[in-house]
file input_35.cif (mmCIF, C-alpha atoms)
data_entry
#
loop_
_atom_site.label_atom_id
_atom_site.label_comp_id
_atom_site.auth_asym_id
_atom_site.auth_seq_id
_atom_site.Cartn_x
_atom_site.Cartn_y
_atom_site.Cartn_z
CA MET U 1 58.89 39.69 29.94
CA THR U 2 58.81 37.72 33.18
CA THR U 3 58.16 34.00 32.73
CA PHE U 4 55.42 32.64 35.04
CA PRO U 5 56.73 29.52 36.85
CA ARG U 6 55.11 26.42 35.42
CA PHE U 7 54.54 24.79 38.80
CA LEU U 8 52.68 27.88 40.10
CA TYR U 9 50.51 27.89 36.98
CA LEU U 10 49.56 24.25 37.51
CA ILE U 11 48.72 24.88 41.17
CA LEU U 12 46.48 27.84 40.33
CA LEU U 13 44.79 25.89 37.52
CA ALA U 14 44.05 23.00 39.91
CA ILE U 15 42.59 25.40 42.48
CA ALA U 16 40.39 27.00 39.85
CA MET U 17 39.13 23.61 38.67
CA VAL U 18 38.26 22.52 42.20
CA ALA U 19 36.52 25.83 42.86
CA CYS U 20 34.41 25.44 39.71
CA LYS U 21 33.58 21.85 40.55
CA ASN U 22 32.44 22.77 44.06
CA THR U 23 30.28 25.72 43.01
CA PRO U 24 26.78 24.40 43.82
CA ASN U 25 24.82 26.90 41.77
CA ASP U 26 27.00 27.05 38.67
CA GLY U 27 24.83 28.32 35.80
CA LYS U 28 21.86 28.99 38.12
CA ASP U 29 20.62 32.00 40.06
CA PHE U 30 20.23 29.78 43.13
CA ASN U 31 19.71 26.18 44.15
CA ILE U 32 16.70 24.58 45.78
CA GLU U 33 16.29 21.70 48.18
CA ILE U 34 12.95 19.91 48.46
CA PHE U 35 11.74 18.15 51.59
CA PRO U 36 10.88 15.38 52.02
CA LYS U 37 13.49 14.12 49.57
CA LYS U 38 11.88 11.41 47.44
CA LYS U 39 12.12 10.00 43.92
CA GLU U 40 8.40 10.51 43.41
CA TYR U 41 5.55 12.49 44.93
CA HIS U 42 1.77 12.08 45.00
CA LEU U 43 -1.19 14.40 44.65
CA GLY U 44 -1.99 15.88 48.04
CA ASP U 45 1.62 15.87 49.25
CA THR U 46 2.96 18.95 51.05
CA LEU U 47 6.50 20.00 50.14
CA VAL U 48 8.93 22.43 51.70
CA VAL U 49 11.19 24.20 49.19
CA LYS U 50 14.36 25.82 50.55
CA ILE U 51 16.41 28.31 48.51
CA THR U 52 20.14 27.75 48.89
CA HIS U 53 23.36 29.31 47.51
CA PRO U 54 21.87 32.43 45.90
CA LYS U 55 24.16 34.24 43.48
CA PHE U 56 22.40 37.53 44.18
CA SER U 57 22.95 39.65 47.28
CA GLU U 58 19.50 41.19 47.67
CA ALA U 59 17.09 39.98 50.33
CA ILE U 60 14.19 37.75 49.19
CA SER U 61 10.77 39.31 49.77
CA LYS U 62 8.70 36.34 48.57
CA THR U 63 8.89 33.09 46.63
CA SER U 64 6.40 31.96 43.98
CA PHE U 65 5.94 28.55 42.38
CA GLN U 66 4.67 27.23 39.07
CA PHE U 67 4.01 23.62 38.14
CA HIS U 68 3.49 22.88 34.42
CA GLN U 69 2.66 26.57 33.89
CA GLN U 70 0.13 26.59 36.73
CA HIS U 71 0.61 28.94 39.68
CA LEU U 72 0.47 27.07 42.97
CA LEU U 73 -1.96 29.25 44.89
CA GLU U 74 -1.71 26.96 47.91
CA ALA U 75 1.90 28.05 48.43
CA GLN U 76 2.55 29.60 51.85
CA GLY U 77 6.10 30.86 52.35
CA ASP U 78 8.32 27.95 51.37
CA THR U 79 5.54 25.34 51.65
CA ILE U 80 3.50 24.10 48.66
CA VAL U 81 0.62 21.65 48.32
CA LEU U 82 0.39 19.44 45.23
CA HIS U 83 -3.33 19.86 44.65
CA ALA U 84 -5.64 17.41 42.89
CA LEU U 85 -5.81 19.05 39.46
CA LEU U 86 -2.10 19.35 38.80
CA PRO U 87 -0.97 17.41 35.72
CA LEU U 88 0.81 14.17 36.56
CA GLY U 89 4.08 12.73 35.33
CA LYS U 90 7.50 14.26 34.89
CA GLN U 91 6.87 17.96 35.32
CA GLN U 92 8.95 21.07 35.92
CA LEU U 93 8.61 22.89 39.24
CA LYS U 94 9.50 26.53 38.56
CA VAL U 95 10.67 28.48 41.61
CA THR U 96 10.97 32.28 41.41
CA ALA U 97 12.67 34.37 44.10
CA HIS U 98 11.38 37.97 44.26
CA THR U 99 13.81 40.38 45.92
CA THR U 100 13.27 43.57 47.89
CA ASN U 101 14.60 45.73 45.06
CA GLY U 102 12.16 44.26 42.49
CA GLN U 103 14.42 41.69 40.84
CA GLN U 104 13.32 38.14 40.01
CA TYR U 105 15.48 35.03 39.79
CA THR U 106 14.21 31.65 38.62
CA VAL U 107 15.28 28.00 38.59
CA GLN U 108 13.45 24.81 37.56
CA LYS U 109 13.59 21.27 38.88
CA GLN U 110 11.90 18.18 37.47
CA LEU U 111 9.60 16.22 39.76
CA LEU U 112 7.73 12.97 39.19
CA LEU U 113 4.14 13.44 40.36
CA LEU U 114 1.87 10.38 40.62
CA ALA U 115 -1.82 9.84 41.39
CA LYS U 116 -2.96 9.69 44.99
CA ASP U 117 -5.12 6.55 44.76
CA ALA U 118 -4.79 3.17 43.07
CA PRO U 119 -7.09 2.57 40.05
CA LYS U 120 -10.45 0.94 40.74
CA ILE U 121 -10.96 -2.39 39.02
CA TYR U 122 -14.00 -3.04 36.81
CA THR U 123 -15.33 -6.00 34.91
CA TYR U 124 -17.90 -6.22 32.10
CA LYS U 125 -21.29 -7.69 31.27
CA ILE U 126 -22.20 -8.57 27.69
CA ILE U 127 -25.56 -7.11 26.63
CA ASN U 128 -25.49 -8.10 22.95
CA GLU U 129 -23.17 -9.51 20.28
CA TYR U 130 -23.12 -8.31 16.68
CA THR U 131 -21.31 -9.38 13.53
CA HIS U 132 -18.10 -7.52 12.77
CA ASP U 133 -16.03 -7.64 9.58
CA LYS U 134 -13.21 -10.05 10.47
CA LYS U 135 -11.08 -8.48 7.73
CA ALA U 136 -11.24 -5.10 9.49
CA TYR U 137 -8.04 -4.34 11.41
CA THR U 138 -9.88 -1.98 13.76
CA GLN U 139 -8.03 1.18 14.82
CA GLY U 140 -10.76 3.71 15.55
CA LEU U 141 -14.45 3.43 16.46
CA GLU U 142 -17.10 6.05 17.22
CA PHE U 143 -20.87 6.46 16.91
CA ILE U 144 -22.92 9.00 14.99
CA GLY U 145 -26.40 8.08 16.16
CA ASP U 146 -26.66 4.35 15.43
CA THR U 147 -23.94 4.53 12.77
CA LEU U 148 -20.39 3.49 13.56
CA VAL U 149 -17.44 5.30 12.03
CA GLU U 150 -14.61 2.78 11.89
CA SER U 151 -11.01 3.32 10.88
CA THR U 152 -8.93 0.29 9.89
CA GLY U 153 -5.20 -0.25 9.50
CA GLN U 154 -2.46 -2.20 7.67
CA TYR U 155 -0.58 -0.90 4.66
CA GLY U 156 -2.56 -1.53 1.49
CA GLU U 157 -5.72 -2.40 3.48
CA SER U 158 -6.49 0.75 5.50
CA SER U 159 -9.88 2.42 5.22
CA ILE U 160 -12.46 4.65 6.86
CA ARG U 161 -16.05 3.39 6.81
CA LYS U 162 -19.56 4.01 8.10
CA TRP U 163 -21.80 1.08 8.97
CA ASN U 164 -24.71 0.00 11.14
CA PRO U 165 -23.88 -2.67 13.75
CA PHE U 166 -27.57 -3.45 14.32
CA THR U 167 -28.28 -4.27 10.66
CA GLY U 168 -24.79 -4.97 9.37
CA GLU U 169 -25.28 -2.52 6.48
CA VAL U 170 -22.15 -0.74 5.25
CA TYR U 171 -23.06 2.74 4.06
CA LYS U 172 -19.68 3.78 2.71
CA ASN U 173 -16.10 2.46 2.76
CA VAL U 174 -13.24 4.72 1.65
CA PRO U 175 -9.83 3.08 1.15
CA LEU U 176 -6.64 4.94 2.03
CA GLN U 177 -3.65 5.16 -0.26
CA PRO U 178 -1.42 2.06 0.12
CA SER U 179 1.33 4.19 1.67
CA TYR U 180 -0.89 5.10 4.64
CA PHE U 181 -1.54 2.94 7.72
CA GLY U 182 -4.89 4.04 9.18
CA GLU U 183 -5.19 4.63 12.92
CA GLY U 184 -7.63 6.33 15.33
CA ALA U 185 -10.65 8.34 14.23
CA THR U 186 -13.23 10.64 15.79
CA VAL U 187 -16.21 12.79 14.78
CA PHE U 188 -15.48 16.37 15.81
CA LYS U 189 -17.38 19.58 15.03
CA GLY U 190 -19.06 18.16 11.95
CA LYS U 191 -15.87 16.60 10.59
CA ILE U 192 -14.48 13.07 10.68
CA LEU U 193 -10.79 13.00 11.55
CA GLN U 194 -8.52 10.01 10.94
CA LEU U 195 -4.90 9.52 11.98
CA THR U 196 -2.15 7.57 10.27
CA TRP U 197 0.46 5.57 12.12
CA ARG U 198 3.98 6.68 11.18
CA GLU U 199 3.25 9.09 8.35
CA GLN U 200 2.45 12.01 10.76
CA ILE U 201 -0.53 12.93 8.58
CA GLY U 202 -4.19 13.10 9.52
CA MET U 203 -7.18 13.09 7.17
CA VAL U 204 -10.21 15.35 7.39
CA TYR U 205 -13.54 14.23 5.90
CA ASP U 206 -17.06 15.59 6.02
CA LYS U 207 -19.73 13.47 7.70
CA ASP U 208 -20.40 11.69 4.40
CA LEU U 209 -16.72 10.64 4.22
CA ASN U 210 -15.86 13.00 1.38
CA PHE U 211 -12.16 13.81 1.72
CA GLN U 212 -11.43 17.48 2.42
CA LYS U 213 -7.83 17.98 3.50
CA THR U 214 -4.90 16.68 5.54
CA PHE U 215 -3.20 17.96 8.67
CA THR U 216 0.17 17.20 10.19
CA TYR U 217 1.47 16.46 13.68
CA GLY U 218 5.14 16.57 14.53
CA LYS U 219 5.55 16.61 18.30
CA SER U 220 3.93 13.24 18.94
CA LYS U 221 5.98 10.39 17.54
CA GLU U 222 3.09 8.42 15.99
CA GLY U 223 -0.68 8.42 15.49
CA TRP U 224 -2.64 5.90 17.60
CA GLY U 225 -5.98 6.91 19.12
CA LEU U 226 -8.25 9.95 18.84
CA CYS U 227 -11.29 11.26 20.74
CA HIS U 228 -12.85 14.51 21.99
CA ASN U 229 -14.84 15.76 24.98
CA GLY U 230 -17.90 16.90 23.00
CA GLU U 231 -16.88 20.54 23.21
CA ASP U 232 -13.46 21.93 22.34
CA LYS U 233 -10.85 19.44 23.54
CA LEU U 234 -9.36 16.91 21.17
CA TYR U 235 -7.16 14.11 22.54
CA LYS U 236 -4.58 11.99 20.71
CA SER U 237 -2.48 9.02 21.85
CA ASP U 238 0.85 8.03 20.32
CA GLY U 239 1.90 4.89 22.22
CA SER U 240 4.01 6.80 24.72
CA GLU U 241 3.00 7.86 28.24
CA LYS U 242 1.42 10.99 26.73
CA ILE U 243 -2.08 11.92 25.67
CA TRP U 244 -1.78 14.98 23.45
CA LEU U 245 -4.25 17.86 23.36
CA LEU U 246 -4.78 19.11 19.82
CA HIS U 247 -5.84 22.57 18.70
CA PRO U 248 -9.57 22.39 17.85
CA GLU U 249 -9.08 24.04 14.45
CA THR U 250 -5.53 23.34 13.26
CA TYR U 251 -5.17 19.97 15.07
CA ALA U 252 -1.61 20.87 16.09
CA GLU U 253 -0.35 19.50 19.42
CA ILE U 254 -0.61 22.27 22.03
CA ASP U 255 -0.15 20.38 25.32
CA SER U 256 -0.09 16.88 26.75
CA LEU U 257 -1.16 14.73 29.69
CA GLN U 258 0.99 11.95 31.12
CA LEU U 259 -0.69 8.72 32.17
CA CYS U 260 0.00 7.75 35.78
CA THR U 261 -1.24 5.48 38.52
CA ASN U 262 -0.24 5.87 42.14
CA LYS U 263 2.86 3.80 41.39
CA SER U 264 4.27 4.73 37.98
CA LEU U 265 3.93 6.23 34.53
CA TYR U 266 2.06 4.09 31.97
CA THR U 267 2.34 3.77 28.21
CA TYR U 268 0.46 2.09 25.34
CA ALA U 269 -2.89 3.90 25.45
CA ASN U 270 -4.29 2.92 22.07
CA GLU U 271 -7.80 3.56 20.71
CA LEU U 272 -9.60 6.30 22.68
CA GLU U 273 -13.19 7.14 23.57
CA PHE U 274 -14.57 9.99 25.68
CA ALA U 275 -17.63 9.14 27.79
CA ASN U 276 -19.12 10.25 31.10
CA GLY U 277 -16.40 12.85 31.59
CA LYS U 278 -13.51 10.37 31.26
CA ILE U 279 -11.16 9.10 28.55
CA TYR U 280 -11.43 5.35 27.95
CA ALA U 281 -8.34 3.85 26.35
CA ASN U 282 -7.64 0.37 25.05
CA THR U 283 -4.29 -0.80 26.40
CA PHE U 284 -2.17 -2.14 23.54
CA LEU U 285 -1.22 -5.83 23.95
CA LYS U 286 -3.38 -6.17 27.09
CA ASP U 287 -7.03 -7.15 27.61
CA GLY U 288 -7.72 -4.01 29.58
CA ILE U 289 -9.26 -0.56 29.19
CA MET U 290 -7.91 2.40 31.16
CA ILE U 291 -10.28 5.01 32.58
CA ILE U 292 -8.38 8.31 32.57
CA ASN U 293 -9.01 11.67 34.22
CA PRO U 294 -8.77 14.15 31.31
CA GLU U 295 -7.70 16.98 33.62
CA ASN U 296 -4.49 15.48 35.00
CA GLY U 297 -3.83 12.09 33.36
CA ALA U 298 -4.61 9.95 36.42
CA ILE U 299 -5.63 6.38 35.60
CA GLU U 300 -8.65 6.17 37.87
CA GLY U 301 -9.89 2.76 36.77
CA VAL U 302 -9.03 -0.33 34.75
CA VAL U 303 -11.63 -2.55 33.05
CA ASP U 304 -10.62 -6.21 32.90
CA VAL U 305 -12.02 -7.48 29.59
CA ARG U 306 -10.24 -10.82 29.48
CA GLY U 307 -12.29 -13.55 27.85
CA LEU U 308 -13.77 -11.51 25.02
CA LYS U 309 -11.15 -12.53 22.47
CA SER U 310 -11.93 -16.23 23.04
CA LYS U 311 -15.56 -15.60 22.01
CA VAL U 312 -14.69 -14.61 18.41
CA GLU U 313 -13.81 -16.84 15.46
CA GLN U 314 -10.20 -17.93 15.96
CA THR U 315 -8.77 -17.17 12.54
CA PRO U 316 -5.00 -16.79 11.91
CA ASP U 317 -5.51 -13.01 11.66
CA VAL U 318 -7.23 -12.49 15.02
CA ASP U 319 -5.25 -9.85 16.88
CA VAL U 320 -5.50 -7.74 20.02
CA LEU U 321 -8.42 -5.89 21.59
CA ASN U 322 -8.87 -2.50 19.91
CA GLY U 323 -11.93 -0.38 19.28
CA ILE U 324 -14.23 1.19 21.85
CA ALA U 325 -17.30 3.33 21.14
CA TYR U 326 -19.92 4.68 23.57
CA HIS U 327 -23.60 4.80 22.58
CA PRO U 328 -25.08 7.68 24.64
CA LYS U 329 -28.76 6.72 24.24
CA ARG U 330 -28.17 3.07 25.12
CA GLN U 331 -25.53 4.01 27.74
CA THR U 332 -23.44 1.05 26.64
CA PHE U 333 -19.99 0.52 25.16
CA PHE U 334 -19.31 -1.33 21.92
CA ILE U 335 -15.89 -3.00 21.91
CA THR U 336 -14.09 -5.19 19.41
CA GLY U 337 -10.59 -6.05 18.24
CA LYS U 338 -8.36 -6.25 15.21
CA ASN U 339 -9.82 -8.80 12.79
CA TRP U 340 -12.48 -9.88 15.28
CA SER U 341 -15.64 -11.50 13.88
CA LYS U 342 -17.82 -9.91 16.58
CA ILE U 343 -18.43 -6.59 18.23
CA PHE U 344 -19.72 -6.72 21.81
CA GLU U 345 -22.18 -4.37 23.46
CA VAL U 346 -21.24 -4.23 27.14
CA VAL U 347 -21.59 -2.34 30.38
CA PHE U 348 -18.77 -1.92 32.88
CA LEU U 349 -19.34 -2.98 36.49
CA PRO U 350 -17.26 -2.62 39.65
CA SER U 351 -15.30 -5.79 40.33
CA ASN U 352 -16.05 -7.79 43.45
CA ASN U 353 -12.39 -8.76 43.77
#
call {"tool": "encode", "arguments": {"input": "input_35.cif", "output": "structure tokens"}}
result
Amino acid sequence: MTTFPRFLYLILLAIAMVACKNTPNDGKDFNIEIFPKKKEYHLGDTLVVKITHPKFSEAISKTSFQFHQQHLLEAQGDTIVLHALLPLGKQQLKVTAHTTNGQQYTVQKQLLLLAKDAPKIYTYKIINEYTHDKKAYTQGLEFIGDTLVESTGQYGESSIRKWNPFTGEVYKNVPLQPSYFGEGATVFKGKILQLTWREQIGMVYDKDLNFQKTFTYGKSKEGWGLCHNGEDKLYKSDGSEKIWLLHPETYAEIDSLQLCTNKSLYTYANELEFANGKIYANTFLKDGIMIINPENGAIEGVVDVRGLKSKVEQTPDVDVLNGIAYHPKRQTFFITGKNWSKIFEVVFLPSNN
């Protein structure tokens, strides 16, 4: 057996390592370059996508593009338009090269897509003030007629209740087990749904608050807010930048929106309400309410509700703004906070600033 010289072996090994390191499409069918080269893009931007370093030898007959599972029909050759209904946030651009002999080769690249316009700023006008249970750590709020369904939190104190803000009468109050921390709630298809915080379990009740069953959620890290669009879409927040879409029957997470302005991703959407075609979300730890486009996650407006907290009884337990419910007949919002002594009926108005 002939012994291979050690120095030749080392030279060949070094060459092989350099060659591997310099291979631009290692593990991919091809590479792509996107112009203009930016860290973030905005709705309405036009991009040019160039295919480079293909591993295949066939000629490319056409290129197709998908963005978050949506075909970009505006694509012309290597040019794509990021149209207004694309979902925002960190999304995968999927590029497929179709060759003359019928083969397809695909790569993906993550892009950060932001809203085109800055959020509009709104303020509020108080129409009425009503008494609210200052022991209620409000987590969810929604109307059935003139009756409020309210979910409250804290371990050992959580509940789901129905009461009338105009008379103060409490119709029913159902406590949760001490191991559950109650969170958002909504009235959906004849059922009342209630989330828990870290237990990854939701409760299903009938409209009279008789417990029926539980459901689980595992993709979203926690349970925060819950609302629906009046038809078949159910939305859930978890404190991250995501608003989850839940299956209308199983309540499993099936997709998500990412909350974005024209400048960045945003987190901490808390209690949710759907009204006038938009999602309204309390912003945890801030005296503001986000107005969100439910199609793509764009934060189209922000309601500045500073000053409300100072109008309630200043007990040691008074906590942050949380709880927003829309009354369709009155066309007003009812908003409160955790352990607030009042609930405020308000309208939102464009800010003059």
call {"tool": "closest_residue", "arguments": {"input": "input_35.cif", "among": "U:Leu86, U:Ile126, U:Leu226, U:Leu234", "to": "U:Glu142", "atoms": "only C-alpha atoms"}}
result
U:Leu226
call {"tool": "residues_around", "arguments": {"input": "input_35.cif", "residues": "stretch 40-43 of chain U", "least_positions_apart": "6", "cutoff": "8 Å", "atoms": "all atoms listed in the file", "output": "ChimeraX atom specification"}}
result
/U:82-84,86,111-116,262
call {"tool": "atom_distance", "arguments": {"input": "input_35.cif", "atom1": "atom CA of U:Lys338", "atom2": "atom CA of U:Ile160"}}
result
14.3 Å
call {"tool": "resolve_selection", "arguments": {"input": "input_35.cif", "expression": "the PyMOL selection byres ((chain U and resi 296) around 8)", "output": "number ranges by chain"}}
result
U: 85-88, 257-258, 293-295, 297-298
call {"tool": "resolve_selection", "arguments": {"input": "input_35.cif", "expression": "the PyMOL selection byres ((chain U and resi 173-180) around 12)", "output": "PDB file with C-alpha atoms, in the frame of the given file"}}
result
ATOM      1  CA  ALA U 136     -11.240  -5.100   9.490  1.00  0.00           C
ATOM      2  CA  LEU U 148     -20.390   3.490  13.560  1.00  0.00           C
ATOM      3  CA  VAL U 149     -17.440   5.300  12.030  1.00  0.00           C
ATOM      4  CA  GLU U 150     -14.610   2.780  11.890  1.00  0.00           C
ATOM      5  CA  SER U 151     -11.010   3.320  10.880  1.00  0.00           C
ATOM      6  CA  THR U 152      -8.930   0.290   9.890  1.00  0.00           C
ATOM      7  CA  GLY U 153      -5.200  -0.250   9.500  1.00  0.00           C
ATOM      8  CA  GLN U 154      -2.460  -2.200   7.670  1.00  0.00           C
ATOM      9  CA  TYR U 155      -0.580  -0.900   4.660  1.00  0.00           C
ATOM     10  CA  GLY U 156      -2.560  -1.530   1.490  1.00  0.00           C
ATOM     11  CA  GLU U 157      -5.720  -2.400   3.480  1.00  0.00           C
ATOM     12  CA  SER U 158      -6.490   0.750   5.500  1.00  0.00           C
ATOM     13  CA  SER U 159      -9.880   2.420   5.220  1.00  0.00           C
ATOM     14  CA  ILE U 160     -12.460   4.650   6.860  1.00  0.00           C
ATOM     15  CA  ARG U 161     -16.050   3.390   6.810  1.00  0.00           C
ATOM     16  CA  LYS U 162     -19.560   4.010   8.100  1.00  0.00           C
ATOM     17  CA  TRP U 163     -21.800   1.080   8.970  1.00  0.00           C
ATOM     18  CA  GLU U 169     -25.280  -2.520   6.480  1.00  0.00           C
ATOM     19  CA  VAL U 170     -22.150  -0.740   5.250  1.00  0.00           C
ATOM     20  CA  TYR U 171     -23.060   2.740   4.060  1.00  0.00           C
ATOM     21  CA  LYS U 172     -19.680   3.780   2.710  1.00  0.00           C
ATOM     22  CA  PHE U 181      -1.540   2.940   7.720  1.00  0.00           C
ATOM     23  CA  GLY U 182      -4.890   4.040   9.180  1.00  0.00           C
ATOM     24  CA  GLU U 183      -5.190   4.630  12.920  1.00  0.00           C
ATOM     25  CA  GLN U 194      -8.520  10.010  10.940  1.00  0.00           C
ATOM     26  CA  LEU U 195      -4.900   9.520  11.980  1.00  0.00           C
ATOM     27  CA  THR U 196      -2.150   7.570  10.270  1.00  0.00           C
ATOM     28  CA  TRP U 197       0.460   5.570  12.120  1.00  0.00           C
ATOM     29  CA  ARG U 198       3.980   6.680  11.180  1.00  0.00           C
ATOM     30  CA  GLU U 199       3.250   9.090   8.350  1.00  0.00           C
ATOM     31  CA  GLN U 200       2.450  12.010  10.760  1.00  0.00           C
ATOM     32  CA  ILE U 201      -0.530  12.930   8.580  1.00  0.00           C
ATOM     33  CA  GLY U 202      -4.190  13.100   9.520  1.00  0.00           C
ATOM     34  CA  MET U 203      -7.180  13.090   7.170  1.00  0.00           C
ATOM     35  CA  TYR U 205     -13.540  14.230   5.900  1.00  0.00           C
ATOM     36  CA  ASP U 208     -20.400  11.690   4.400  1.00  0.00           C
ATOM     37  CA  LEU U 209     -16.720  10.640   4.220  1.00  0.00           C
ATOM     38  CA  ASN U 210     -15.860  13.000   1.380  1.00  0.00           C
ATOM     39  CA  PHE U 211     -12.160  13.810   1.720  1.00  0.00           C
ATOM     40  CA  GLY U 223      -0.680   8.420  15.490  1.00  0.00           C
TER      41      GLY U 223
END
call {"tool": "resolve_selection", "arguments": {"input": "input_35.cif", "expression": "the PyMOL selection byres ((chain U and resi 213) around 6)", "output": "PDB file with C-alpha atoms, keeping the file's coordinate frame"}}
result
ATOM      1  CA  VAL U 204     -10.210  15.350   7.390  1.00  0.00           C
ATOM      2  CA  GLN U 212     -11.430  17.480   2.420  1.00  0.00           C
ATOM      3  CA  THR U 214      -4.900  16.680   5.540  1.00  0.00           C
TER       4      THR U 214
END
call {"tool": "residues_near_point", "arguments": {"input": "input_35.cif", "point": "(-6.1, 6.1, 31.1)", "cutoff": "6 Å", "atoms": "all atoms listed in the file", "output": "PDB file with C-alpha atoms, in the coordinates of the input"}}
result
ATOM      1  CA  ALA U 281      -8.340   3.850  26.350  1.00  0.00           C
ATOM      2  CA  MET U 290      -7.910   2.400  31.160  1.00  0.00           C
ATOM      3  CA  ILE U 291     -10.280   5.010  32.580  1.00  0.00           C
ATOM      4  CA  ILE U 292      -8.380   8.310  32.570  1.00  0.00           C
ATOM      5  CA  ILE U 299      -5.630   6.380  35.600  1.00  0.00           C
TER       6      ILE U 299
END
call {"tool": "closest_residue", "arguments": {"input": "input_35.cif", "among": "U:Ile127, U:Val320, U:Leu285, U:Ala252", "to": "U:Phe334", "atoms": "only C-alpha atoms"}}
result
U:Ile127
call {"tool": "atom_distance", "arguments": {"input": "input_35.cif", "atom1": "atom CA of U:Gly288", "atom2": "atom CA of U:Ala185"}}
result
19.9 Å
call {"tool": "atom_distance", "arguments": {"input": "input_35.cif", "atom1": "atom CA of U:Lys309", "atom2": "atom CA of U:Phe188"}}
result
30.0 Å
call {"tool": "residues_around", "arguments": {"input": "input_35.cif", "residues": "U:Glu129", "least_positions_apart": "5", "cutoff": "9 Å", "atoms": "all atoms listed in the file", "output": "JSON, numbers by chain"}}
result
{"U": [342, 343, 344, 345, 346]}
call {"tool": "residues_around", "arguments": {"input": "input_35.cif", "residues": "stretch 237-246 of chain U", "least_positions_apart": "2", "cutoff": "7 Å", "atoms": "all atoms listed in the file", "output": "ChimeraX atom specification"}}
result
/U:220-226,233-235,248,251-259,265-270
call {"tool": "write_last_selection", "arguments": {"input": "input_35.cif", "atoms": "C-alpha atoms", "output": "tab-separated table (two decimals), in the coordinates of the input"}}
result
chain	number	residue	atom	x	y	z
U	220	SER	CA	3.93	13.24	18.94
U	221	LYS	CA	5.98	10.39	17.54
U	222	GLU	CA	3.09	8.42	15.99
U	223	GLY	CA	-0.68	8.42	15.49
U	224	TRP	CA	-2.64	5.90	17.60
U	225	GLY	CA	-5.98	6.91	19.12
U	226	LEU	CA	-8.25	9.95	18.84
U	233	LYS	CA	-10.85	19.44	23.54
U	234	LEU	CA	-9.36	16.91	21.17
U	235	TYR	CA	-7.16	14.11	22.54
U	248	PRO	CA	-9.57	22.39	17.85
U	251	TYR	CA	-5.17	19.97	15.07
U	252	ALA	CA	-1.61	20.87	16.09
U	253	GLU	CA	-0.35	19.50	19.42
U	254	ILE	CA	-0.61	22.27	22.03
U	255	ASP	CA	-0.15	20.38	25.32
U	256	SER	CA	-0.09	16.88	26.75
U	257	LEU	CA	-1.16	14.73	29.69
U	258	GLN	CA	0.99	11.95	31.12
U	259	LEU	CA	-0.69	8.72	32.17
U	265	LEU	CA	3.93	6.23	34.53
U	266	TYR	CA	2.06	4.09	31.97
U	267	THR	CA	2.34	3.77	28.21
U	268	TYR	CA	0.46	2.09	25.34
U	269	ALA	CA	-2.89	3.90	25.45
U	270	ASN	CA	-4.29	2.92	22.07
call {"tool": "closest_residue", "arguments": {"input": "input_35.cif", "among": "U:Asn322, U:Leu47, U:Thr79, U:His68", "to": "U:Gln91", "atoms": "only C-alpha atoms"}}
result
U:His68
call {"tool": "closest_residue", "arguments": {"input": "input_35.cif", "among": "U:Val347, U:Val48, U:Val312, U:Ala325", "to": "U:Pro165", "atoms": "all atoms listed in the file"}}
result
U:Ala325
call {"tool": "closest_residue", "arguments": {"input": "input_35.cif", "among": "U:Gln108, U:Gln70, U:Gln139, U:Ser310", "to": "U:Ile51", "atoms": "all atoms listed in the file"}}
result
U:Gln108
